[in-house]
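Enquirer: I am sharing structure.txt, which consists of compact mmCIF, C-alpha atoms (C1' of nucleotides) and all ligand atoms:
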# COMPACT_ATOMS: atom_id res chain seq x y z
CA MET A 1 121.70 -11.36 -88.09
CA PRO A 2 125.34 -12.43 -87.94
CA ILE A 3 127.89 -11.28 -90.49
CA LYS A 4 127.91 -13.60 -93.45
CA LEU A 5 130.83 -16.02 -93.76
CA VAL A 6 131.64 -14.82 -97.27
CA THR A 7 131.99 -11.26 -96.03
CA GLN A 8 134.27 -12.23 -93.17
CA ALA A 9 136.34 -14.35 -95.53
CA GLU A 10 136.66 -11.55 -98.05
CA THR A 11 137.98 -9.20 -95.39
CA ILE A 12 140.64 -11.66 -94.30
CA LEU A 13 141.55 -12.52 -97.88
CA LYS A 14 142.11 -8.87 -98.68
CA GLU A 15 144.50 -8.56 -95.73
CA GLN A 16 146.38 -11.64 -96.83
CA GLY A 17 146.53 -10.94 -100.54
CA GLY A 18 144.26 -13.89 -101.10
CA ARG A 19 141.55 -14.27 -103.72
CA MET A 20 137.86 -14.98 -103.52
CA THR A 21 136.99 -17.70 -105.99
CA SER A 22 133.70 -19.12 -107.16
CA GLN A 23 134.53 -22.40 -105.43
CA ARG A 24 135.17 -20.72 -102.11
CA LYS A 25 132.04 -18.65 -102.33
CA LEU A 26 130.00 -21.77 -103.05
CA ILE A 27 131.54 -23.75 -100.21
CA LEU A 28 131.00 -20.92 -97.74
CA GLU A 29 127.36 -20.59 -98.73
CA LYS A 30 126.82 -24.29 -98.29
CA ILE A 31 128.46 -24.37 -94.88
CA GLU A 32 126.20 -21.55 -93.79
CA SER A 33 123.04 -23.11 -95.14
CA MET A 34 123.64 -26.65 -93.95
CA SER A 35 122.28 -27.42 -90.52
CA GLY A 36 124.02 -29.59 -88.00
CA HIS A 37 127.70 -30.37 -88.15
CA PRO A 38 128.51 -31.55 -91.64
CA THR A 39 131.66 -33.42 -92.66
CA ALA A 40 133.92 -32.35 -95.53
CA GLU A 41 132.36 -35.09 -97.62
CA GLU A 42 128.83 -33.91 -96.91
CA ILE A 43 129.69 -30.33 -97.80
CA TYR A 44 131.37 -31.54 -100.96
CA LEU A 45 128.39 -33.67 -102.00
CA ASN A 46 126.08 -30.74 -101.50
CA ALA A 47 128.23 -28.13 -103.23
CA ASN A 48 129.16 -30.47 -106.03
CA GLN A 49 125.54 -30.55 -107.22
CA GLU A 50 125.79 -26.89 -108.01
CA ASP A 51 129.29 -26.96 -109.47
CA PRO A 52 130.07 -30.45 -110.78
CA THR A 53 133.69 -29.51 -111.46
CA LEU A 54 134.33 -28.69 -107.82
CA ASN A 55 136.91 -31.01 -106.32
CA LEU A 56 136.93 -32.61 -102.90
CA SER A 57 140.42 -31.39 -102.10
CA THR A 58 139.32 -27.84 -102.68
CA VAL A 59 136.70 -28.40 -100.02
CA TYR A 60 139.32 -29.78 -97.67
CA ARG A 61 141.66 -26.88 -98.36
CA THR A 62 138.92 -24.35 -97.79
CA LEU A 63 137.83 -25.98 -94.55
CA ARG A 64 141.41 -26.04 -93.32
CA TRP A 65 141.81 -22.37 -94.17
CA LEU A 66 138.54 -21.43 -92.46
CA THR A 67 139.63 -23.34 -89.39
CA ASP A 68 142.98 -21.57 -89.32
CA GLN A 69 141.16 -18.25 -89.56
CA SER A 70 138.86 -19.32 -86.73
CA LEU A 71 135.80 -18.86 -88.89
CA ILE A 72 134.68 -22.42 -88.26
CA THR A 73 135.42 -25.00 -85.58
CA PRO A 74 136.21 -28.66 -86.16
CA HIS A 75 134.77 -31.29 -83.87
CA ARG A 76 135.14 -35.01 -83.49
CA PHE A 77 132.20 -36.68 -81.93
CA ASP A 78 132.34 -40.09 -80.38
CA GLU A 79 131.69 -43.03 -82.65
CA GLU A 80 132.55 -41.25 -85.87
CA ARG A 81 135.72 -40.05 -84.26
CA ARG A 82 137.58 -40.50 -87.51
CA GLN A 83 135.84 -37.81 -89.51
CA GLU A 84 135.92 -34.16 -88.62
CA ARG A 85 132.65 -32.32 -88.43
CA PHE A 86 132.47 -28.58 -88.74
CA ASP A 87 130.63 -25.95 -86.83
CA ALA A 88 129.67 -23.10 -89.08
CA THR A 89 127.83 -21.19 -86.45
CA LEU A 90 130.49 -19.30 -84.67
CA THR A 91 129.14 -15.80 -84.85
CA GLY A 92 126.55 -14.02 -82.77
CA THR A 93 124.39 -16.04 -80.45
CA ASN A 94 125.82 -19.38 -81.43
CA LYS A 95 129.29 -18.52 -80.25
CA ASP A 96 130.60 -20.50 -77.29
CA HIS A 97 128.34 -23.47 -77.11
CA TYR A 98 128.79 -27.07 -76.11
CA HIS A 99 127.51 -30.39 -77.39
CA PHE A 100 125.61 -33.44 -76.28
CA GLN A 101 125.59 -36.53 -78.44
CA CYS A 102 123.05 -39.30 -78.04
CA GLN A 103 124.82 -42.63 -78.15
CA GLN A 104 121.75 -44.25 -79.65
CA CYS A 105 120.50 -41.98 -82.44
CA LYS A 106 123.79 -40.04 -82.76
CA ASN A 107 121.87 -36.77 -82.74
CA ILE A 108 123.63 -33.74 -81.39
CA ILE A 109 122.11 -31.18 -79.09
CA GLU A 110 123.81 -27.83 -78.61
CA PHE A 111 123.68 -25.98 -75.33
CA SER A 112 125.40 -23.21 -73.45
CA SER A 113 126.27 -22.80 -69.81
CA ASP A 114 127.03 -19.94 -67.47
CA GLN A 115 128.79 -22.28 -65.06
CA MET A 116 131.53 -22.82 -67.57
CA GLU A 117 133.08 -19.45 -66.84
CA LYS A 118 133.32 -20.41 -63.21
CA ILE A 119 135.07 -23.70 -63.93
CA LYS A 120 137.49 -21.83 -66.15
CA SER A 121 138.31 -19.18 -63.58
CA ILE A 122 138.75 -21.72 -60.79
CA PHE A 123 141.12 -23.71 -62.96
CA SER A 124 142.99 -20.59 -64.02
CA SER A 125 143.55 -19.32 -60.53
CA GLN A 126 144.57 -22.77 -59.31
CA THR A 127 147.15 -23.36 -62.01
CA GLY A 128 148.09 -19.93 -63.25
CA SER A 129 147.20 -20.89 -66.80
CA GLU A 130 145.19 -18.78 -69.18
CA VAL A 131 142.26 -20.51 -70.86
CA PHE A 132 141.34 -19.41 -74.37
CA SER A 133 138.79 -21.98 -75.38
CA ALA A 134 136.81 -24.85 -73.97
CA GLU A 135 135.38 -27.90 -75.60
CA LEU A 136 132.75 -29.85 -73.72
CA VAL A 137 130.92 -32.90 -75.00
CA PHE A 138 128.33 -34.89 -73.11
CA TYR A 139 127.46 -38.44 -74.11
CA GLY A 140 124.26 -40.16 -73.12
CA VAL A 141 120.73 -40.90 -74.27
CA CYS A 142 118.39 -38.21 -75.53
CA ALA A 143 114.79 -37.78 -74.39
CA ASN A 144 113.41 -39.41 -77.53
CA CYS A 145 115.55 -42.49 -77.26
CA ARG A 146 114.77 -42.86 -73.56
CA GLU A 147 111.07 -43.19 -74.34
CA ASN A 148 111.26 -45.51 -77.31
CA ARG A 149 113.47 -47.99 -75.62
CA SER A 150 112.88 -51.46 -74.26
CA MET B 1 145.64 -48.44 -54.34
CA PRO B 2 143.47 -49.00 -57.40
CA ILE B 3 142.82 -52.46 -58.78
CA LYS B 4 145.46 -53.38 -61.30
CA LEU B 5 144.52 -53.29 -64.95
CA VAL B 6 145.67 -56.87 -65.50
CA THR B 7 143.37 -58.06 -62.75
CA GLN B 8 140.39 -56.22 -64.14
CA ALA B 9 141.16 -57.51 -67.59
CA GLU B 10 141.44 -61.10 -66.38
CA THR B 11 138.02 -60.91 -64.78
CA ILE B 12 136.41 -59.66 -67.96
CA LEU B 13 138.29 -62.17 -70.09
CA LYS B 14 137.04 -65.03 -67.95
CA GLU B 15 133.47 -63.88 -68.42
CA GLN B 16 133.94 -63.65 -72.16
CA GLY B 17 135.87 -66.85 -72.68
CA GLY B 18 138.88 -64.76 -73.62
CA ARG B 19 142.52 -65.53 -72.90
CA MET B 20 145.24 -63.68 -71.10
CA THR B 21 148.36 -63.68 -73.22
CA SER B 22 151.89 -62.54 -72.52
CA GLN B 23 151.45 -59.70 -75.03
CA ARG B 24 148.34 -58.42 -73.32
CA LYS B 25 149.91 -58.61 -69.91
CA LEU B 26 152.91 -56.67 -71.13
CA ILE B 27 150.82 -53.99 -72.81
CA LEU B 28 148.64 -53.56 -69.74
CA GLU B 29 151.66 -53.17 -67.51
CA LYS B 30 153.12 -50.56 -69.81
CA ILE B 31 149.92 -48.56 -69.98
CA GLU B 32 149.78 -48.53 -66.22
CA SER B 33 153.39 -47.51 -65.76
CA MET B 34 153.54 -44.87 -68.46
CA SER B 35 152.68 -41.40 -67.30
CA GLY B 36 150.73 -38.91 -69.35
CA HIS B 37 148.52 -39.93 -72.23
CA PRO B 38 150.54 -42.16 -74.53
CA THR B 39 149.65 -43.00 -78.12
CA ALA B 40 149.43 -46.54 -79.46
CA GLU B 41 152.79 -46.00 -81.08
CA GLU B 42 154.40 -44.86 -77.83
CA ILE B 43 153.03 -47.83 -75.94
CA TYR B 44 154.25 -50.11 -78.69
CA LEU B 45 157.75 -48.61 -78.70
CA ASN B 46 157.97 -49.05 -74.96
CA ALA B 47 156.60 -52.58 -74.80
CA ASN B 48 158.53 -53.68 -77.84
CA GLN B 49 161.81 -53.20 -75.97
CA GLU B 50 160.79 -55.95 -73.60
CA ASP B 51 159.26 -58.24 -76.22
CA PRO B 52 160.81 -57.55 -79.62
CA THR B 53 158.36 -59.89 -81.34
CA LEU B 54 155.37 -57.86 -80.19
CA ASN B 55 153.50 -56.39 -83.12
CA LEU B 56 151.95 -52.94 -83.42
CA SER B 57 148.58 -54.32 -84.49
CA THR B 58 148.41 -56.35 -81.31
CA VAL B 59 148.80 -53.10 -79.42
CA TYR B 60 146.02 -51.51 -81.45
CA ARG B 61 143.76 -54.52 -80.93
CA THR B 62 144.39 -54.54 -77.21
CA LEU B 63 143.76 -50.81 -76.89
CA ARG B 64 140.51 -51.14 -78.82
CA TRP B 65 139.43 -53.96 -76.58
CA LEU B 66 140.32 -52.07 -73.41
CA THR B 67 138.37 -49.08 -74.70
CA ASP B 68 135.33 -51.24 -75.43
CA GLN B 69 135.55 -52.64 -71.93
CA SER B 70 135.81 -49.09 -70.54
CA LEU B 71 139.11 -49.85 -68.88
CA ILE B 72 140.81 -46.99 -70.66
CA THR B 73 139.59 -43.81 -72.34
CA PRO B 74 140.74 -42.48 -75.70
CA HIS B 75 141.30 -38.77 -76.15
CA ARG B 76 142.18 -36.54 -79.04
CA PHE B 77 143.94 -33.38 -78.09
CA ASP B 78 144.19 -30.32 -80.27
CA GLU B 79 147.01 -30.08 -82.76
CA GLU B 80 147.77 -33.76 -82.80
CA ARG B 81 144.12 -34.44 -83.22
CA ARG B 82 144.94 -37.23 -85.61
CA GLN B 83 146.36 -39.69 -83.12
CA GLU B 84 144.43 -41.12 -80.25
CA ARG B 85 145.95 -40.83 -76.81
CA PHE B 86 144.91 -43.10 -73.99
CA ASP B 87 144.07 -42.48 -70.40
CA ALA B 88 145.08 -45.40 -68.29
CA THR B 89 144.02 -43.87 -65.03
CA LEU B 90 140.37 -44.56 -64.82
CA THR B 91 140.15 -46.19 -61.44
CA GLY B 92 140.08 -44.69 -57.99
CA THR B 93 140.90 -41.05 -57.53
CA ASN B 94 141.70 -40.41 -61.15
CA LYS B 95 138.23 -41.28 -62.33
CA ASP B 96 136.24 -38.44 -63.89
CA HIS B 97 138.80 -35.80 -64.65
CA TYR B 98 139.21 -33.22 -67.34
CA HIS B 99 142.08 -31.83 -69.35
CA PHE B 100 143.84 -28.61 -70.15
CA GLN B 101 146.32 -28.47 -72.99
CA CYS B 102 148.87 -25.71 -73.38
CA GLN B 103 148.93 -24.57 -76.97
CA GLN B 104 152.58 -23.67 -76.66
CA CYS B 105 154.33 -26.56 -74.91
CA LYS B 106 151.51 -29.08 -75.59
CA ASN B 107 151.65 -30.18 -71.97
CA ILE B 108 148.48 -31.53 -70.48
CA ILE B 109 147.17 -30.69 -67.03
CA GLU B 110 144.47 -32.82 -65.46
CA PHE B 111 141.87 -31.36 -63.17
CA SER B 112 138.50 -32.15 -61.69
CA SER B 113 135.50 -30.00 -61.01
CA ASP B 114 132.46 -30.14 -58.74
CA GLN B 115 130.63 -27.65 -60.96
CA MET B 116 130.47 -30.23 -63.69
CA GLU B 117 127.70 -32.14 -61.96
CA LYS B 118 125.64 -29.01 -61.90
CA ILE B 119 126.07 -28.36 -65.61
CA LYS B 120 125.07 -31.93 -66.28
CA SER B 121 121.95 -31.80 -64.17
CA ILE B 122 120.85 -28.47 -65.62
CA PHE B 123 121.27 -29.85 -69.11
CA SER B 124 119.48 -33.06 -68.22
CA SER B 125 116.46 -31.37 -66.72
CA GLN B 126 116.26 -28.92 -69.59
CA THR B 127 116.36 -31.54 -72.33
CA GLY B 128 115.22 -34.74 -70.67
CA SER B 129 118.38 -36.50 -71.74
CA GLU B 130 120.49 -38.72 -69.55
CA VAL B 131 124.20 -37.90 -69.45
CA PHE B 132 126.61 -40.80 -68.98
CA SER B 133 129.95 -39.17 -69.56
CA ALA B 134 131.49 -35.79 -70.12
CA GLU B 135 134.61 -34.78 -71.92
CA LEU B 136 135.99 -31.31 -71.25
CA VAL B 137 139.17 -29.89 -72.71
CA PHE B 138 140.53 -26.43 -72.11
CA TYR B 139 143.05 -24.87 -74.46
CA GLY B 140 145.31 -22.01 -73.50
CA VAL B 141 148.74 -21.16 -72.16
CA CYS B 142 150.16 -22.75 -69.03
CA ALA B 143 151.82 -20.82 -66.21
CA ASN B 144 155.31 -21.76 -67.35
CA CYS B 145 154.80 -20.62 -70.90
CA ARG B 146 153.19 -17.38 -69.75
CA GLU B 147 156.34 -16.44 -67.89
CA ASN B 148 158.91 -17.43 -70.48
CA ARG B 149 157.24 -15.58 -73.25
CA SER B 150 158.07 -12.40 -75.14
C1' DA C 1 144.67 -5.91 -121.88
C1' DT C 2 148.50 -7.86 -119.42
C1' DA C 3 151.35 -9.73 -115.91
C1' DT C 4 151.67 -11.74 -111.59
C1' DT C 5 150.73 -15.37 -108.69
C1' DA C 6 147.03 -17.47 -105.71
C1' DT C 7 144.10 -21.23 -106.40
C1' DT C 8 142.30 -25.15 -108.61
C1' DG C 9 141.72 -30.12 -110.25
C1' DC C 10 143.81 -34.24 -110.45
C1' DA C 11 146.37 -38.04 -109.03
C1' DA C 12 149.44 -39.70 -105.94
C1' DA C 13 150.97 -39.84 -101.14
C1' DT C 14 150.41 -39.98 -96.23
C1' DG C 15 149.44 -41.83 -91.81
C1' DA C 16 146.61 -43.73 -88.31
C1' DA C 17 143.96 -47.55 -87.62
C1' DT C 18 141.78 -51.96 -89.16
C1' DT C 19 141.49 -56.55 -91.12
C1' DG C 20 142.10 -61.36 -93.42
C1' DC C 21 144.54 -65.25 -92.76
C1' DA C 22 147.68 -68.95 -91.62
C1' DA C 23 150.50 -70.07 -87.68
C1' DT C 24 150.64 -70.23 -82.74
C1' DA C 25 149.48 -70.27 -77.89
C1' DT C 26 146.03 -70.56 -74.22
C1' DC C 27 143.10 -73.10 -71.34
C1' DA C 28 139.45 -76.39 -70.21
C1' DA C 29 138.66 -81.10 -70.36
C1' DT C 30 140.44 -85.34 -70.20
C1' DA D 1 150.69 -84.23 -68.45
C1' DT D 2 148.33 -84.56 -73.06
C1' DT D 3 144.99 -83.25 -75.99
C1' DG D 4 141.79 -80.46 -78.74
C1' DA D 5 139.04 -76.51 -79.68
C1' DT D 6 139.56 -71.95 -80.71
C1' DA D 7 141.09 -67.22 -79.21
C1' DT D 8 144.92 -64.53 -80.35
C1' DT D 9 149.00 -63.31 -82.71
C1' DG D 10 152.27 -61.53 -86.43
C1' DC D 11 152.41 -60.09 -90.82
C1' DA D 12 151.10 -57.90 -94.89
C1' DA D 13 147.73 -55.82 -97.18
C1' DT D 14 143.85 -52.58 -96.86
C1' DT D 15 140.96 -48.87 -95.55
C1' DC D 16 139.71 -44.25 -95.06
C1' DA D 17 140.17 -39.41 -94.03
C1' DT D 18 143.07 -35.93 -95.10
C1' DT D 19 147.13 -33.79 -97.33
C1' DT D 20 150.27 -32.57 -101.01
C1' DG D 21 153.00 -31.75 -105.55
C1' DC D 22 152.35 -29.92 -109.78
C1' DA D 23 150.86 -28.12 -114.19
C1' DA D 24 146.87 -25.62 -115.77
C1' DT D 25 143.67 -21.96 -114.73
C1' DA D 26 141.65 -17.82 -113.06
C1' DA D 27 141.54 -13.59 -109.95
C1' DT D 28 143.22 -9.17 -109.12
C1' DA D 29 146.30 -4.98 -109.48
C1' DT D 30 148.44 -2.32 -112.85
MN MN A 201 127.75 -26.78 -82.63
MN MN A 202 143.83 -37.82 -68.16
ZN ZN A 203 118.74 -40.31 -79.26
ZN ZN A 204 153.00 -24.47 -71.76
Take the structure in this file and express it as structure tokens.
Ligand SMILES: [Mn+2]
Ligand SMILES: [Mn+2]
Ligand SMILES: [Zn+2]
Ligand SMILES: [Zn+2]

Expert:
Amino acid sequence: MPIKLVTQAETILKEQGGRMTSQRKLILEKIESMSGHPTAEEIYLNANQEDPTLNLSTVYRTLRWLTDQSLITPHRFDEERRQERFDATLTGTNKDHYHFQCQQCKNIIEFSSDQMEKIKSIFSSQTGSEVFSAELVFYGVCANCRENRS
Amino acid sequence: MPIKLVTQAETILKEQGGRMTSQRKLILEKIESMSGHPTAEEIYLNANQEDPTLNLSTVYRTLRWLTDQSLITPHRFDEERRQERFDATLTGTNKDHYHFQCQQCKNIIEFSSDQMEKIKSIFSSQTGSEVFSAELVFYGVCANCRENRS
DNA sequence: ATATTATTGCAAATGAATTGCAATATCAAT
DNA sequence: ATTGATATTGCAATTCATTTGCAATAATAT
């Protein structure tokens, strides 16, 4: 059971002299409960049902703050490369994972890989750079779409 | 010596009943000659010096077309994740490569990796999906910036 | 309770990329 | 070479996601 987002946020807010508001709490809960990789709009639509006065820019501001605090990770997947999608699951087992997107059904599959460490260390020793994070996205056709296709 | 972009483009255009224009030719030459991963704006600025009547939207249209034809690849790197940057080097030796971006100087280092194939095949056999392309970006600090830092 | 000020809602702004349209240029057919 | 059909351009306007300025509001320390 990973630490809840609200708790992590509260800790950071205290350090920064920030304030926990009802809007933030709501948004954080939604991010945690929503599966997949929702967009700002999707989070807004969902949270707005509970608090109809909640504004879209508050959602954007909160997402930006969470990103800056490394509590969530933004992604841009292929076709919808205009909108950012957010990864809420950055604690515990779901840390450090990569993505596959099916070009047909747009579904995303998450996976992890031990080999990644090796690629990193080879690159590091070859160039003398230090690698902090890695983003890997595969594009292709998922098992489902391979079957149901002409 | 890889096949020139203009040549590849002409072949495809012929198939499609498209036309090779002076603007396209100019843009293609620029993409090929420019190092790094230029933005649409940068390509425009460069090409516009040679043909002052060239319009930015023509550059955008050409880049979109080239992307659709898989003659170039769009990337979005970290901080400037708003603008697309384009990889002209998709033929010959520069095919299938990955990127590292230094978070300090924003420089990009290209690299390739044999391990990647393994990650792909493991993922494929585990999920039954077929992987067509892979995008990997490392973020960190380059050798230069590691030295010159406090 | 009160004062301080971080945060919100709202509306307007931004900025990259796309699009409609009339004018123009390409290219195949003559 | 001339012609005609139409693909492509320049231009201006538009879209769409995201950001921002500001006055009103609400959270926290005292
Ligand atoms: Mn994920
Ligand atoms: Mn590259
Ligand atoms: Zn699929
Ligand atoms: Zn650097």

Enquirer: Starting from chain D, keep only residues with some atom at most 12 Å from an atom of chain B, counting all atoms listed in the file, and report them as a PyMOL selection string.

Expert: chain D and resi 6-12+17-18

Enquirer: Rounded to one decimal, what separation in Å do you get between C1' of DA28 (chain C) and CA of Gln69 (chain B)?

Expert: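 Rounded to one decimal, the two atoms are 24.1 Å apart.
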
Enquirer: Which residues are close to Phe111 (chain B), i.e. within 12 Å by only C-alpha atoms (C1' of nucleotides), leaving aside same-chain residues fewer than 3 positions away? Reply as a PDB file with C-alpha atoms, in the coordinates of the input.

Expert:
ATOM      1  CA  ILE A 119     135.070 -23.700 -63.930  1.00  0.00           C
ATOM      2  CA  LYS A 120     137.490 -21.830 -66.150  1.00  0.00           C
ATOM      3  CA  ILE A 122     138.750 -21.720 -60.790  1.00  0.00           C
ATOM      4  CA  PHE A 123     141.120 -23.710 -62.960  1.00  0.00           C
ATOM      5  CA  SER A 124     142.990 -20.590 -64.020  1.00  0.00           C
ATOM      6  CA  GLN A 126     144.570 -22.770 -59.310  1.00  0.00           C
ATOM      7  CA  THR A 127     147.150 -23.360 -62.010  1.00  0.00           C
TER       8      THR A 127
ATOM      9  CA  THR B  93     140.900 -41.050 -57.530  1.00  0.00           C
ATOM     10  CA  ASN B  94     141.700 -40.410 -61.150  1.00  0.00           C
ATOM     11  CA  LYS B  95     138.230 -41.280 -62.330  1.00  0.00           C
ATOM     12  CA  ASP B  96     136.240 -38.440 -63.890  1.00  0.00           C
ATOM     13  CA  HIS B  97     138.800 -35.800 -64.650  1.00  0.00           C
ATOM     14  CA  TYR B  98     139.210 -33.220 -67.340  1.00  0.00           C
ATOM     15  CA  HIS B  99     142.080 -31.830 -69.350  1.00  0.00           C
ATOM     16  CA  PHE B 100     143.840 -28.610 -70.150  1.00  0.00           C
ATOM     17  CA  GLN B 101     146.320 -28.470 -72.990  1.00  0.00           C
ATOM     18  CA  ILE B 108     148.480 -31.530 -70.480  1.00  0.00           C
ATOM     19  CA  ASP B 114     132.460 -30.140 -58.740  1.00  0.00           C
ATOM     20  CA  MET B 116     130.470 -30.230 -63.690  1.00  0.00           C
ATOM     21  CA  GLU B 135     134.610 -34.780 -71.920  1.00  0.00           C
ATOM     22  CA  LEU B 136     135.990 -31.310 -71.250  1.00  0.00           C
ATOM     23  CA  VAL B 137     139.170 -29.890 -72.710  1.00  0.00           C
ATOM     24  CA  PHE B 138     140.530 -26.430 -72.110  1.00  0.00           C
TER      25      PHE B 138
END

Enquirer: Place a sphere of radius 9 Å on (140.2, -54.8, -91.6) in the file coordinates and name every protein, DNA or RNA residue with an atom inside or on its surface, counting only C-alpha atoms (C1' of nucleotides); give the answer as a list in words.

Expert: DT18, DT19 and DG20 of chain C; DT14 and DT15 of chain D

Enquirer: Write out as a PDB file with C-alpha atoms, keeping the file's coordinate frame which residues come within 9 Å of Leu28 (chain B) when counting all atoms listed in the file, dropping same-chain ones fewer than 6 positions away.

Expert:
ATOM      1  CA  LEU B   5     144.520 -53.290 -64.950  1.00  0.00           C
ATOM      2  CA  VAL B   6     145.670 -56.870 -65.500  1.00  0.00           C
ATOM      3  CA  ALA B   9     141.160 -57.510 -67.590  1.00  0.00           C
ATOM      4  CA  THR B  62     144.390 -54.540 -77.210  1.00  0.00           C
TER       5      THR B  62
END

Enquirer: Go ahead and find all residues with at least one atom no further than 12 Å from (114.9, -43.8, -73.8) in the file's coordinates, using only C-alpha atoms (C1' of nucleotides); report them as an MDAnalysis selection string.

Expert: (chainID A and resid 102:105 140:150) or (chainID B and resid 128:131)

Enquirer: Restricting the output to C-alpha atoms, write the selected residues as a compact mmCIF listing (two decimals), in the coordinates of the input.

Expert:
# COMPACT_ATOMS: atom_id res chain seq x y z
CA CYS A 102 123.05 -39.30 -78.04
CA GLN A 103 124.82 -42.63 -78.15
CA GLN A 104 121.75 -44.25 -79.65
CA CYS A 105 120.50 -41.98 -82.44
CA GLY A 140 124.26 -40.16 -73.12
CA VAL A 141 120.73 -40.90 -74.27
CA CYS A 142 118.39 -38.21 -75.53
CA ALA A 143 114.79 -37.78 -74.39
CA ASN A 144 113.41 -39.41 -77.53
CA CYS A 145 115.55 -42.49 -77.26
CA ARG A 146 114.77 -42.86 -73.56
CA GLU A 147 111.07 -43.19 -74.34
CA ASN A 148 111.26 -45.51 -77.31
CA ARG A 149 113.47 -47.99 -75.62
CA SER A 150 112.88 -51.46 -74.26
CA GLY B 128 115.22 -34.74 -70.67
CA SER B 129 118.38 -36.50 -71.74
CA GLU B 130 120.49 -38.72 -69.55
CA VAL B 131 124.20 -37.90 -69.45

Enquirer: Around region 23-29 of chain B, fit a box with edges along x, y and z, padding it by 6 Å on each side, then list its centre and edge lengths in Å to one decimal as lines of an AutoDock Vina configuration file.

Expert:
center_x = 150.6
center_y = -56.4
center_z = -71.3
size_x = 16.6
size_y = 18.5
size_z = 19.5

Enquirer: Using all atoms listed in the file, what does the table of chain C residues within 12 Å of chain B look like, with each row giving the shortest atom pair and its distance in Å to one decimal, sorted by chain and ascending number, as a tab-separated table?

Expert:
residue	atom	partner	partner_atom	distance
C:DG15	C1'	B:Arg82	CA	8.9
C:DA16	C1'	B:Gln83	CA	6.6
C:DA17	C1'	B:Tyr60	CA	7.6
C:DT18	C1'	B:Ser57	CA	8.6
C:DT19	C1'	B:Ser57	CA	10.0
C:DT24	C1'	B:Thr21	CA	11.8
C:DA25	C1'	B:Thr21	CA	8.2
C:DT26	C1'	B:Arg19	CA	6.3
C:DC27	C1'	B:Arg19	CA	7.8
C:DA28	C1'	B:Gly17	CA	10.5

Enquirer: CA of Ile43 (chain A) and CA of Leu26 (chain A), how far apart in Å?

Expert: 10.0 Å

Enquirer: Please complete region 58-71 of chain B with N, CA and C atoms and give it back as a short mmCIF file (atom, residue, chain, number, x, y, z; two decimals), in the frame of the given file.

Expert:
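Done, and the output landed in part02.cif:
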data_model
loop_
_atom_site.label_atom_id
_atom_site.label_comp_id
_atom_site.auth_asym_id
_atom_site.auth_seq_id
_atom_site.Cartn_x
_atom_site.Cartn_y
_atom_site.Cartn_z
N THR B 58 148.86 -55.77 -82.57
CA THR B 58 148.41 -56.35 -81.31
C THR B 58 148.15 -55.24 -80.29
N VAL B 59 149.01 -54.24 -80.31
CA VAL B 59 148.80 -53.10 -79.42
C VAL B 59 147.49 -52.41 -79.76
N TYR B 60 147.27 -52.16 -81.04
CA TYR B 60 146.02 -51.51 -81.45
C TYR B 60 144.81 -52.35 -81.04
N ARG B 61 144.89 -53.66 -81.28
CA ARG B 61 143.76 -54.52 -80.93
C ARG B 61 143.50 -54.50 -79.44
N THR B 62 144.56 -54.53 -78.66
CA THR B 62 144.39 -54.54 -77.21
C THR B 62 143.79 -53.22 -76.72
N LEU B 63 144.28 -52.11 -77.29
CA LEU B 63 143.76 -50.81 -76.89
C LEU B 63 142.28 -50.68 -77.25
N ARG B 64 141.92 -51.20 -78.42
CA ARG B 64 140.51 -51.14 -78.82
C ARG B 64 139.66 -51.95 -77.87
N TRP B 65 140.17 -53.11 -77.51
CA TRP B 65 139.43 -53.96 -76.58
C TRP B 65 139.27 -53.30 -75.21
N LEU B 66 140.35 -52.75 -74.70
CA LEU B 66 140.32 -52.07 -73.41
C LEU B 66 139.34 -50.90 -73.44
N THR B 67 139.30 -50.20 -74.56
CA THR B 67 138.37 -49.08 -74.70
C THR B 67 136.93 -49.59 -74.68
N ASP B 68 136.68 -50.67 -75.42
CA ASP B 68 135.33 -51.24 -75.43
C ASP B 68 134.91 -51.70 -74.04
N GLN B 69 135.85 -52.18 -73.28
CA GLN B 69 135.55 -52.64 -71.93
C GLN B 69 135.56 -51.49 -70.92
N SER B 70 135.78 -50.29 -71.40
CA SER B 70 135.81 -49.09 -70.54
C SER B 70 136.92 -49.15 -69.49
N LEU B 71 137.99 -49.82 -69.82
CA LEU B 71 139.11 -49.85 -68.88
C LEU B 71 140.09 -48.71 -69.14
#
